[in-house]
$ cat target21.txt   # compact mmCIF, C-alpha atoms
# COMPACT_ATOMS: atom_id res chain seq x y z
CA MET H 1 135.51 85.49 147.34
CA SER H 2 136.11 85.44 143.63
CA VAL H 3 137.29 88.61 141.93
CA ASN H 4 136.19 89.73 138.50
CA LEU H 5 139.57 90.39 136.89
CA PHE H 6 138.22 92.69 134.21
CA LYS H 7 136.32 94.70 136.82
CA ALA H 8 139.46 94.90 139.00
CA LEU H 9 141.53 96.20 136.10
CA ASP H 10 138.82 98.64 135.07
CA THR H 11 138.50 99.99 138.62
CA ALA H 12 142.29 100.43 138.86
CA VAL H 13 142.44 102.37 135.58
CA GLN H 14 139.43 104.57 136.28
CA ASP H 15 140.51 105.42 139.86
CA THR H 16 144.06 106.18 138.81
CA LEU H 17 143.20 108.53 135.95
CA GLU H 18 140.45 110.26 137.89
CA ASN H 19 142.58 110.88 140.99
CA MET H 20 145.86 111.65 139.24
CA ALA H 21 144.64 113.71 136.31
CA PHE H 22 140.89 114.34 136.82
CA ILE H 23 140.27 112.44 133.58
CA GLN H 24 137.42 110.04 133.04
CA VAL H 25 137.76 107.50 130.26
CA ASP H 26 134.97 105.59 128.57
CA PRO H 27 135.16 102.14 127.02
CA CYS H 28 136.73 102.21 123.59
CA ASP H 29 134.61 102.62 120.50
CA ASN H 30 137.59 101.97 118.22
CA PRO H 31 139.73 99.12 119.53
CA LEU H 32 142.06 99.48 116.55
CA TRP H 33 143.01 103.10 117.34
CA TYR H 34 146.66 102.11 117.68
CA GLN H 35 146.83 101.40 113.94
CA THR H 36 146.54 105.09 113.14
CA GLU H 37 147.66 106.87 116.32
CA PRO H 38 151.23 107.14 117.61
CA PHE H 39 151.48 105.73 121.10
CA SER H 40 153.85 105.02 124.00
CA THR H 41 154.11 101.73 125.87
CA VAL H 42 155.27 100.71 129.33
CA SER H 43 155.12 97.52 131.35
CA ILE H 44 155.49 96.47 134.97
CA ARG H 45 155.98 93.05 136.55
CA ILE H 46 154.08 91.95 139.63
CA LEU H 47 156.73 90.18 141.72
CA GLN H 48 154.71 89.20 144.80
CA PRO H 49 152.39 87.35 144.52
CA PRO H 50 153.95 86.18 141.23
CA LEU H 51 150.96 86.93 139.05
CA GLY H 52 152.42 88.21 135.80
CA LYS H 53 152.69 91.67 134.36
CA LEU H 54 150.73 94.63 133.08
CA GLU H 55 151.36 96.35 129.78
CA LEU H 56 149.96 99.74 128.93
CA ALA H 57 149.78 101.58 125.63
CA VAL H 58 148.58 105.17 125.59
CA SER H 59 148.12 107.35 122.53
CA ARG H 60 150.53 110.26 122.62
CA SER H 61 147.60 112.69 122.49
CA LEU H 62 145.99 111.18 125.59
CA LEU H 63 149.36 111.06 127.38
CA GLN H 64 149.81 114.75 126.58
CA GLU H 65 146.34 115.40 128.05
CA ILE H 66 147.07 113.42 131.23
CA THR H 67 150.45 115.11 131.73
CA ALA H 68 149.08 118.59 131.03
CA SER H 69 146.30 118.00 133.56
CA ILE H 70 148.78 117.00 136.29
CA TYR H 71 151.30 119.74 135.52
CA GLY H 72 148.67 122.33 134.60
CA SER H 73 149.45 124.87 137.29
CA GLN H 74 153.23 124.43 137.13
CA GLU H 75 155.70 126.38 135.07
CA VAL H 76 157.17 123.16 133.73
CA GLU H 77 157.78 122.44 130.08
CA ILE H 78 156.06 119.20 129.19
CA THR H 79 158.95 117.42 127.56
CA ALA H 80 159.17 113.81 126.39
CA GLU H 81 160.93 113.05 129.66
CA VAL H 82 158.09 114.51 131.73
CA LYS H 83 155.54 112.52 129.73
CA ALA H 84 157.54 109.30 130.13
CA ASP H 85 157.74 109.89 133.88
CA THR H 86 153.97 110.41 134.00
CA LEU H 87 153.38 107.21 132.02
CA PHE H 88 155.58 105.25 134.46
CA GLU H 89 153.68 106.66 137.42
CA VAL H 90 150.33 105.81 135.81
CA ILE H 91 151.18 102.14 135.32
CA ASN H 92 152.80 101.91 138.75
CA THR H 93 149.61 103.23 140.33
CA VAL H 94 147.28 101.10 138.19
CA ALA H 95 149.31 97.96 138.96
CA GLY H 96 149.32 98.66 142.68
CA GLN H 97 145.58 99.26 142.79
CA PHE H 98 144.96 96.13 140.73
CA LEU H 99 147.17 94.11 143.08
CA ARG H 100 145.45 95.46 146.18
CA ILE H 101 142.12 94.27 144.80
CA LEU H 102 143.44 90.83 143.82
CA ALA H 103 145.83 89.81 146.57
CA SER H 104 144.57 88.50 149.87
CA ASP H 105 145.19 90.60 152.99
CA SER H 106 147.89 88.23 154.23
CA GLU H 107 149.95 88.11 151.03
CA LEU H 108 152.89 90.48 150.72
CA CYS H 109 152.60 92.50 147.51
CA GLN H 110 155.60 93.70 145.54
CA LEU H 111 155.94 95.44 142.19
CA ASP H 112 158.99 95.76 140.00
CA LEU H 113 159.99 99.15 138.62
CA PRO H 114 158.18 100.08 135.37
CA VAL H 115 160.10 99.74 132.12
CA ALA H 116 159.49 101.32 128.74
CA ALA H 117 159.53 98.53 126.23
CA TRP H 118 157.94 97.75 122.95
CA SER H 119 155.71 94.75 123.18
CA ASP H 120 153.55 92.75 120.84
CA MET H 121 150.55 93.27 123.10
CA PHE H 122 148.24 94.15 120.25
CA VAL H 123 149.07 90.96 118.39
CA ARG H 124 148.50 88.82 121.42
CA ALA H 125 145.54 90.70 122.89
CA GLY H 126 142.52 88.53 123.37
CA VAL H 127 144.25 85.52 121.87
CA GLU H 128 146.10 83.94 124.73
CA SER H 129 144.38 82.51 127.75
CA GLY H 130 145.21 83.99 131.14
CA GLN H 131 145.04 87.46 129.74
CA ILE H 132 142.55 90.29 129.98
CA THR H 133 142.43 93.58 128.16
CA CYS H 134 140.77 96.92 128.73
CA CYS H 135 140.52 99.53 126.02
CA TYR H 136 139.42 103.11 126.60
CA GLY H 137 138.74 106.24 124.69
CA ARG H 138 138.26 107.12 121.06
CA ILE H 139 141.99 107.39 120.75
CA GLY H 140 143.27 106.14 123.89
CA LEU H 141 144.44 103.65 126.28
CA TYR H 142 144.97 99.96 126.02
CA LEU H 143 145.85 97.85 129.03
CA THR H 144 146.62 94.16 129.15
CA ALA H 145 147.17 92.01 132.21
CA MET H 146 148.96 88.72 131.62
CA PHE H 147 148.98 86.01 134.20
CA TYR H 148 151.41 83.20 134.74
CA PRO H 149 149.43 79.94 134.47
CA GLN H 150 150.17 78.96 138.07
CA GLY H 151 150.19 82.46 139.46
CA LEU H 152 146.63 83.61 139.83
CA VAL H 153 145.50 83.89 143.42
CA SER H 154 141.90 84.73 144.14
CA LYS H 155 140.98 86.78 147.12
CA MET A 156 148.84 119.08 165.56
CA LEU A 157 151.37 117.63 163.15
CA LYS A 158 151.18 120.78 161.02
CA ASP A 159 152.49 122.88 163.90
CA ARG A 160 155.43 120.55 164.54
CA VAL A 161 156.62 120.47 160.92
CA GLU A 162 158.95 122.98 159.27
CA ARG A 163 160.82 120.95 156.65
CA ILE A 164 159.25 118.26 154.49
CA LEU A 165 161.15 115.74 152.38
CA VAL A 166 159.30 114.04 149.50
CA VAL A 167 161.06 110.93 148.18
CA ASP A 168 159.87 109.26 144.99
CA ASP A 169 161.66 108.24 141.80
CA SER A 170 158.85 109.85 139.79
CA ALA A 171 158.90 113.63 139.51
CA THR A 172 155.19 113.42 138.67
CA ALA A 173 154.46 111.58 141.91
CA ARG A 174 156.52 114.11 143.90
CA LEU A 175 154.54 116.95 142.33
CA ILE A 176 151.19 115.30 143.14
CA ILE A 177 152.24 114.62 146.75
CA LYS A 178 153.46 118.20 147.16
CA GLN A 179 150.23 119.62 145.72
CA CYS A 180 148.19 117.45 148.10
CA LEU A 181 150.26 118.64 151.08
CA GLU A 182 149.80 122.26 150.07
CA ILE A 183 146.04 121.78 149.92
CA CYS A 184 146.18 120.03 153.32
CA GLY A 185 147.65 123.17 154.90
CA PHE A 186 151.41 122.61 154.55
CA ALA A 187 151.94 125.25 151.83
CA ASP A 188 154.06 127.47 154.08
CA LYS A 189 156.56 124.70 154.87
CA THR A 190 159.94 124.19 153.19
CA PHE A 191 159.95 121.30 150.73
CA TYR A 192 162.88 119.17 149.60
CA GLU A 193 162.72 116.45 146.96
CA ALA A 194 164.73 113.29 146.38
CA GLY A 195 164.52 110.64 143.67
CA ASN A 196 165.72 107.70 145.78
CA GLY A 197 166.88 106.74 149.25
CA VAL A 198 170.51 107.71 148.69
CA GLU A 199 169.58 111.25 147.66
CA ALA A 200 167.14 111.42 150.56
CA LEU A 201 169.82 110.58 153.13
CA LYS A 202 172.12 113.26 151.66
CA LEU A 203 169.35 115.86 151.98
CA LEU A 204 168.59 114.71 155.51
CA ASP A 205 172.26 115.15 156.42
CA GLU A 206 172.31 118.62 154.90
CA PHE A 207 168.93 120.10 155.84
CA GLY A 208 167.06 117.66 158.09
CA ALA A 209 163.30 117.13 157.93
CA ASN A 210 160.44 116.79 160.39
CA LEU A 211 158.15 114.99 157.96
CA ILE A 212 159.16 112.52 155.26
CA LEU A 213 156.81 111.16 152.62
CA MET A 214 158.36 108.32 150.68
CA ASP A 215 157.62 105.86 147.94
CA LEU A 216 158.29 102.16 148.49
CA TYR A 217 159.73 101.07 145.14
CA MET A 218 162.70 103.13 144.02
CA PRO A 219 166.04 102.43 142.35
CA LYS A 220 169.38 102.54 144.27
CA MET A 221 167.78 102.49 147.72
CA ASP A 222 164.12 101.57 148.13
CA GLY A 223 161.65 102.67 150.80
CA ARG A 224 162.28 99.75 153.15
CA ALA A 225 166.04 100.37 153.24
CA LEU A 226 165.52 104.11 153.60
CA LEU A 227 163.06 103.59 156.44
CA ALA A 228 165.62 101.41 158.26
CA GLU A 229 168.31 104.10 157.84
CA ILE A 230 166.00 106.89 159.04
CA LYS A 231 165.04 104.94 162.14
CA LYS A 232 168.72 104.67 163.15
CA ARG A 233 168.95 108.48 163.31
CA PRO A 234 168.42 110.50 166.46
CA GLU A 235 166.07 113.09 164.89
CA LYS A 236 163.09 110.69 164.52
CA PRO A 237 161.13 112.49 161.79
CA VAL A 238 157.55 111.44 161.06
CA VAL A 239 157.55 109.01 158.12
CA VAL A 240 154.61 108.38 155.81
CA VAL A 241 155.01 105.69 153.15
CA ILE A 242 152.98 106.40 150.04
CA THR A 243 152.63 103.40 147.77
CA SER A 244 150.18 101.93 145.33
CA ALA A 245 150.62 98.30 146.35
CA ALA A 246 150.06 98.37 150.09
CA ASN A 247 147.54 95.79 151.22
CA GLN A 248 147.10 94.84 154.88
CA ALA A 249 150.20 92.60 154.95
CA VAL A 250 152.45 95.29 153.47
CA GLU A 251 151.02 97.96 155.77
CA GLN A 252 151.72 95.84 158.85
CA GLU A 253 155.27 95.15 157.67
CA LEU A 254 155.93 98.88 157.08
CA LEU A 255 154.50 99.87 160.46
CA LEU A 256 156.74 97.27 162.11
CA LEU A 257 159.71 98.75 160.23
CA GLY A 258 158.90 102.11 161.79
CA ALA A 259 156.57 103.94 159.39
CA ASP A 260 154.17 106.26 161.21
CA ALA A 261 151.45 106.04 158.58
CA ILE A 262 150.68 104.58 155.17
CA ALA A 263 148.90 106.30 152.28
CA HIS A 264 147.79 104.76 149.03
CA LYS A 265 148.43 105.93 145.50
CA PRO A 266 146.68 107.54 143.74
CA VAL A 267 146.98 109.96 146.61
CA SER A 268 144.43 112.74 147.06
CA PRO A 269 144.33 115.59 149.58
CA ALA A 270 141.51 113.84 151.45
CA SER A 271 143.26 110.46 151.65
CA LEU A 272 146.57 112.03 152.64
CA LEU A 273 144.91 114.11 155.34
CA GLN A 274 143.22 110.98 156.65
CA SER A 275 146.61 109.26 156.94
CA LEU A 276 148.26 112.29 158.58
CA GLU A 277 145.47 112.60 161.12
CA LYS A 278 146.27 109.07 162.39
CA ILE A 279 149.72 110.24 163.52

$ encode --input "target21.txt" --output "structure tokens"
Amino acid sequence: MSVNLFKALDTAVQDTLENMAFIQVDPCDNPLWYQTEPFSTVSIRILQPPLGKLELAVSRSLLQEITASIYGSQEVEITAEVKADTLFEVINTVAGQFLRILASDSELCQLDLPVAAWSDMFVRAGVESGQITCCYGRIGLYLTAMFYPQGLVSK
Amino acid sequence: MLKDRVERILVVDDSATARLIIKQCLEICGFADKTFYEAGNGVEALKLLDEFGANLILMDLYMPKMDGRALLAEIKKRPEKPVVVVITSAANQAVEQELLLLGADAIAHKPVSPASLLQSLEKI
């Protein structure tokens, strides 16, 4: 069975944000939002099967919204640390969902721990082969999956 | 029912956000009156187990210092035999089988919801 990679990534993002934060995101109507909005980035490597890695950029306003939605009923100050923790958990969950869709039932799946790191994802987006990108929201969320040339395994 | 057998619950995840979500789901599932403890990795979890014990443990798989697999192995050496649910985002059939062989009582997927968690707990 072949898997539509874009659809898999889209499903992972939508399910994660809806279940974690009750937030629905629409496809982006301004793919260049990152040129004017401050944002945070995080990445995670997929170790088994050795597919590649995911990089996520989220505008700070959307990250604030996601974090506030999760912590809404708690008497917790939403600090930079709390938002960073939320961002890490978002990409961890998206990557796991994405992997579950892509990997066959018999393949052991393993993720690395997320890391906050600046990347040149916007420069490379849509340019290199073996790469897919999803963009959401007016000011929002930008997700790139990069695949090692030999790594892609279809279900 | 599991609910009646549980007094102390240990939630182990390196993300405070994930621990909060898991705890909120458990409260909705009827565990609100239980005593909760939280740990950020396997090492902290074992210290809390030594100090307070737990009847139900919900743990992440990927954590720094001591991950879920190592923690599961340590818990299974103990005489108390708490119920262990592994909550992870990247558990396909192969990973689930491996974790069950290691001694997990149930697996739940992230993003976890009250309904999905309840479904996993009802299998125990």

$ closest_atom_pairs --input "target21.txt" --of "chain A" --to "chain H" --cutoff "10 Å" --atoms "all atoms listed in the file" --output "Markdown table"
| residue | atom | partner | partner_atom | distance |
| --- | --- | --- | --- | --- |
| A:Asp169 | CA | H:Asp85 | CA | 9.0 |
| A:Ser170 | CA | H:Asp85 | CA | 6.0 |
| A:Ala171 | CA | H:Asp85 | CA | 6.9 |
| A:Thr172 | CA | H:Thr86 | CA | 5.7 |
| A:Ala173 | CA | H:Glu89 | CA | 6.7 |
| A:Leu175 | CA | H:Tyr71 | CA | 8.0 |
| A:Ile176 | CA | H:Ile70 | CA | 7.5 |
| A:Gln179 | CA | H:Ile70 | CA | 9.9 |
| A:Leu216 | CA | H:Gln110 | CA | 9.4 |
| A:Tyr217 | CA | H:Leu113 | CA | 6.8 |
| A:Met218 | CA | H:Leu113 | CA | 7.2 |
| A:Pro219 | CA | H:Leu113 | CA | 7.8 |
| A:Thr243 | CA | H:Gly96 | CA | 7.7 |
| A:Ser244 | CA | H:Gly96 | CA | 4.3 |
| A:Ala245 | CA | H:Gly96 | CA | 3.9 |
| A:Ala246 | CA | H:Arg100 | CA | 6.7 |
| A:Asn247 | CA | H:Arg100 | CA | 5.5 |
| A:Gln248 | CA | H:Asp105 | CA | 5.0 |
| A:Ala249 | CA | H:Ser106 | CA | 5.0 |
| A:Val250 | CA | H:Leu108 | CA | 5.6 |
| A:Glu251 | CA | H:Leu108 | CA | 9.2 |
| A:Gln252 | CA | H:Ser106 | CA | 9.7 |
| A:Glu253 | CA | H:Leu108 | CA | 8.7 |
| A:His264 | CA | H:Gln97 | CA | 8.6 |
| A:Lys265 | CA | H:Thr93 | CA | 6.0 |
| A:Pro266 | CA | H:Thr16 | CA | 5.7 |
| A:Val267 | CA | H:Asn19 | CA | 7.2 |
| A:Ser268 | CA | H:Asn19 | CA | 6.6 |
| A:Pro269 | CA | H:Asn19 | CA | 10.0 |

$ residues_near_point --input "target21.txt" --point "(141.6, 118.2, 149.9)" --cutoff "8 Å" --atoms "all atoms listed in the file" --output "PyMOL selection string"
chain A and resi 180+183-184+268-270+273

$ atom_distance --input "target21.txt" --atom1 "atom CA of Phe39 of chain H" --atom2 "atom CA of Leu63 of chain H"
8.5 Å

$ atom_distance --input "target21.txt" --atom1 "atom CA of Trp33 of chain H" --atom2 "atom CA of Ser69 of chain H"
22.3 Å

$ residues_around --input "target21.txt" --residues "Phe186 of chain A" --least-positions-apart "5" --cutoff "12 Å" --atoms "only C-alpha atoms" --output "number ranges by chain"
A: 156-164, 177-181, 191, 211, 269, 272-273, 276

$ residues_around --input "target21.txt" --residues "Val239 of chain A" --least-positions-apart "3" --cutoff "7 Å" --atoms "only C-alpha atoms" --output "PyMOL selection string"
chain A and resi 211-213+259-261

$ atom_distance --input "target21.txt" --atom1 "atom CA of Leu203 of chain A" --atom2 "atom CA of Gly258 of chain A"
19.9 Å

$ closest_residue --input "target21.txt" --among "H:Val13, H:Ala80, H:Leu54, H:Ile44" --to "Asp26 of chain H" --atoms "all atoms listed in the file"
H:Val13

$ closest_residue --input "target21.txt" --among "H:Val42, H:Pro27, H:Ile78, H:Ala116" --to "Gln14 of chain H" --atoms "all atoms listed in the file"
H:Pro27
